[in-house]
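Asks: Take this structure, written in structure tokens, and hold onto it; I'll ask about it next.
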Amino acid sequence: MKAQWRVLTEHPNFRRLFVGNSISLLGSSVTTVALPLTAVVALGASPVQMGTLGAVAFLPHLILGLPTGVWVDRLSYRRVIIAADLLAAATLAAVPLLALTGLLQMWHLYLVVVITGAGSLFSTIAGQSFAPQLVPRGELLAANSTFALSNSVVATTGSAVGGVLIQLLTAPVAIAVDAASFVLSAVSKARIDVPGGSADTRLAKEPILTGIWIGVRAALAHPALRATTIAATVGALAGQMQLVIVMLFLVRDLGLSAGVVGLMVAAGGIAGIVGAAVGVPITSRLGNGRPSSPA
């Protein structure tokens with residue numbers, strides 16, 4: 001834990017990025033519970049509609065996943081992460097407003113998921129590219145571990161808090177907490193005093209398709225990157241399939257309250273907390289693994 005604490009105290013710009021990400025993740029953890037419950041409880045969504053909600057969540061990654069990395073490298077990382085937060089805040093704020101006026105429909109939730117998913121994609125790629133520019137290379141492992149530990153703790157806490165808020169405020173209104181969290185996140189990230197961006201000026205001159213092909217070739221040619229990409233894809237697919245049906249099962253089949261659902265989702269994050277906490281000491285002792293060369 002000492003390494004994680006040191007990277008936060010010694011690098012203020014990284015700390016601002018970290019604080020912003022943690023705040024927005026706390027709000028998003030509430031929405032992780034509140035959005036599907038809004039569909040199931042407030043709108044009476046059918047299994048087909050829940051499946052559609054889960055499917056459209058993948059659209060930004062399927063359509064924009066490849067070109068986003070190229071676009072982000074041509075922009076200021078700081079501007080990208082701030083703009084993504086503000087877009088998410090405005091989009092999420094529409095859900096409680098529509099619900100309070102009785103106008104909320106399923107297609108609104110589909111649109112919210114697509115827009116926030118696209119913003120999250122840009123923000124994640126820009127943030128991951130930004131972090132190595134905010135801390136020395138030798139402290140990057142500690143920085144990544146700090147993110148992982150925070151993500152697990154905040155996501156676990158946020159899901160539990162989300163269940164309580166939904167119980168008290170209803171699911172659509174609880175999503176307003178997420179909208180507010182993105183505003184606070186944008187304020188924190190706006191205090192970063194370096195723009196960030198790719199150091200390779202040639203990228204701006206290359207056609208988009210060329211940049212995409214370079215990225216795909218690099219990911220598929222390197223054994224470690226190829227295996228990681230496949231594992232992440234399978235894991236994301238399985239997780240989304242589970243998310244589609246779990247809310248219907250917990251609410252309609254088991255009759256659980258929103259508070260209990262939030263606690264159950266939060267319990268799933270305990271393993272992530274433990275893994276992030278022990279990741280740095282184990283890696284420091286065993287090393288990162290044998291270096292591998294491209295195939």
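Following the order of the structure tokens, first chain is A, next is B, and so on, with residues numbered from 1 inside each chain and ligands from 1 in the order they appear.
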When DSSP works through the backbone of this structure, what residues of range 23-258 of chain A end up as alpha helix (DSSP H), shown as an MDAnalysis selection string?
Replies: chainID A and resid 23:37 47:56 59:72 77:100 106:134 140:169 171:190 208:221 223:248 258
Asks: If we count only C-alpha atoms, what is near Ala258 in chain A at a cut-off of 6 Å, once residues fewer than 3 positions away on the same chain are taken out, given as a JSON list (two decimals) with N, CA, C and O atoms, in the first residue's frame?
Replies:
```json
[["chain", "number", "residue", "atom", "x", "y", "z"],
["A", 163, "GLY", "N", -28.22, 0.43, -3.95],
["A", 163, "GLY", "CA", -29.40, -0.29, -3.51],
["A", 163, "GLY", "C", -30.20, 0.48, -2.48],
["A", 163, "GLY", "O", -31.44, 0.51, -2.52],
["A", 167, "GLN", "N", -33.95, 2.20, -2.89],
["A", 167, "GLN", "CA", -35.00, 1.89, -1.93],
["A", 167, "GLN", "C", -35.68, 3.17, -1.44],
["A", 167, "GLN", "O", -36.89, 3.21, -1.25],
["A", 261, "VAL", "N", -30.57, -6.39, -3.60],
["A", 261, "VAL", "CA", -29.92, -6.54, -4.91],
["A", 261, "VAL", "C", -28.60, -5.77, -4.94],
["A", 261, "VAL", "O", -27.58, -6.28, -5.41]]
```
Asks: Which residue gives the smallest distance to Val112 in chain A among A:Thr68, A:Ser198, A:Ala142, A:Ala93, with only C-alpha atoms counted?
Replies: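 When distances to Val112 in chain A are compared using only C-alpha atoms, the smallest one comes from A:Ala93.
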Asks: For a quick check of understanding, using only C-alpha atoms, which of A:Ala45, A:Ile230, A:Ser22, A:Gly262 has the smallest distance to Ile166 in chain A?
Replies: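 Smallest distance to Ile166 in chain A is found for A:Gly262.
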Asks: Which residue gives the smallest distance to Phe58 in chain A among A:Ala131, A:Val114, A:Ile212, A:Leu225, with only C-alpha atoms counted?
Replies: A:Val114
Asks: Can you list, as a PyMOL selection string, every protein, DNA or RNA residue that comes within 7 Å of range 26-41 of chain A when you count only C-alpha atoms, leaving out same-chain residues fewer than 3 positions away?
Replies: chain A and resi 22-23+44-45+106+154-155+158-159+161-163+166+171-172+174-175+177-178+181+247-248+262
Asks: Hey, what's within 12 Å of Thr233 in chain A if we count only C-alpha atoms and toss same-chain stuff fewer than 5 positions away? As a ChimeraX atom specification, please?
Replies: /A:58,61-62,65,226-228,238-240
Asks: I'd like the neighbourhood of Leu121 in chain A as a PyMOL selection string, where a residue qualifies if any of its atoms comes within 10 Å (using only C-alpha atoms), though same-chain residues fewer than 2 positions away should be ignored.
Replies: chain A and resi 60-61+64-65+68-69+81+84+115-119+123-127
Asks: Point out the residue among A:Leu100, A:Val113, A:Leu8, A:Val72 with the least atom-to-atom distance to Ser150 in chain A, counting only C-alpha atoms.
Replies: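 Of A:Leu100, A:Val113, A:Leu8, A:Val72, the one nearest Ser150 in chain A, counting only C-alpha atoms, is A:Leu8.
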Asks: Would you compute the distance between CA of Ser46 in chain A and CA of Ala94 in chain A? Give it in Å to one decimal.
Replies: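 Distance reported for this atom pair: 22.4 Å.
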Asks: Any idea what's packed within 10 Å of Pro12 in chain A, counting only C-alpha atoms, ignoring anything in its chain fewer than 4 positions away? Could you give it as a VMD selection string?
Replies: chain A and resid 7 to 8 16 to 18 134 to 135 191 to 193
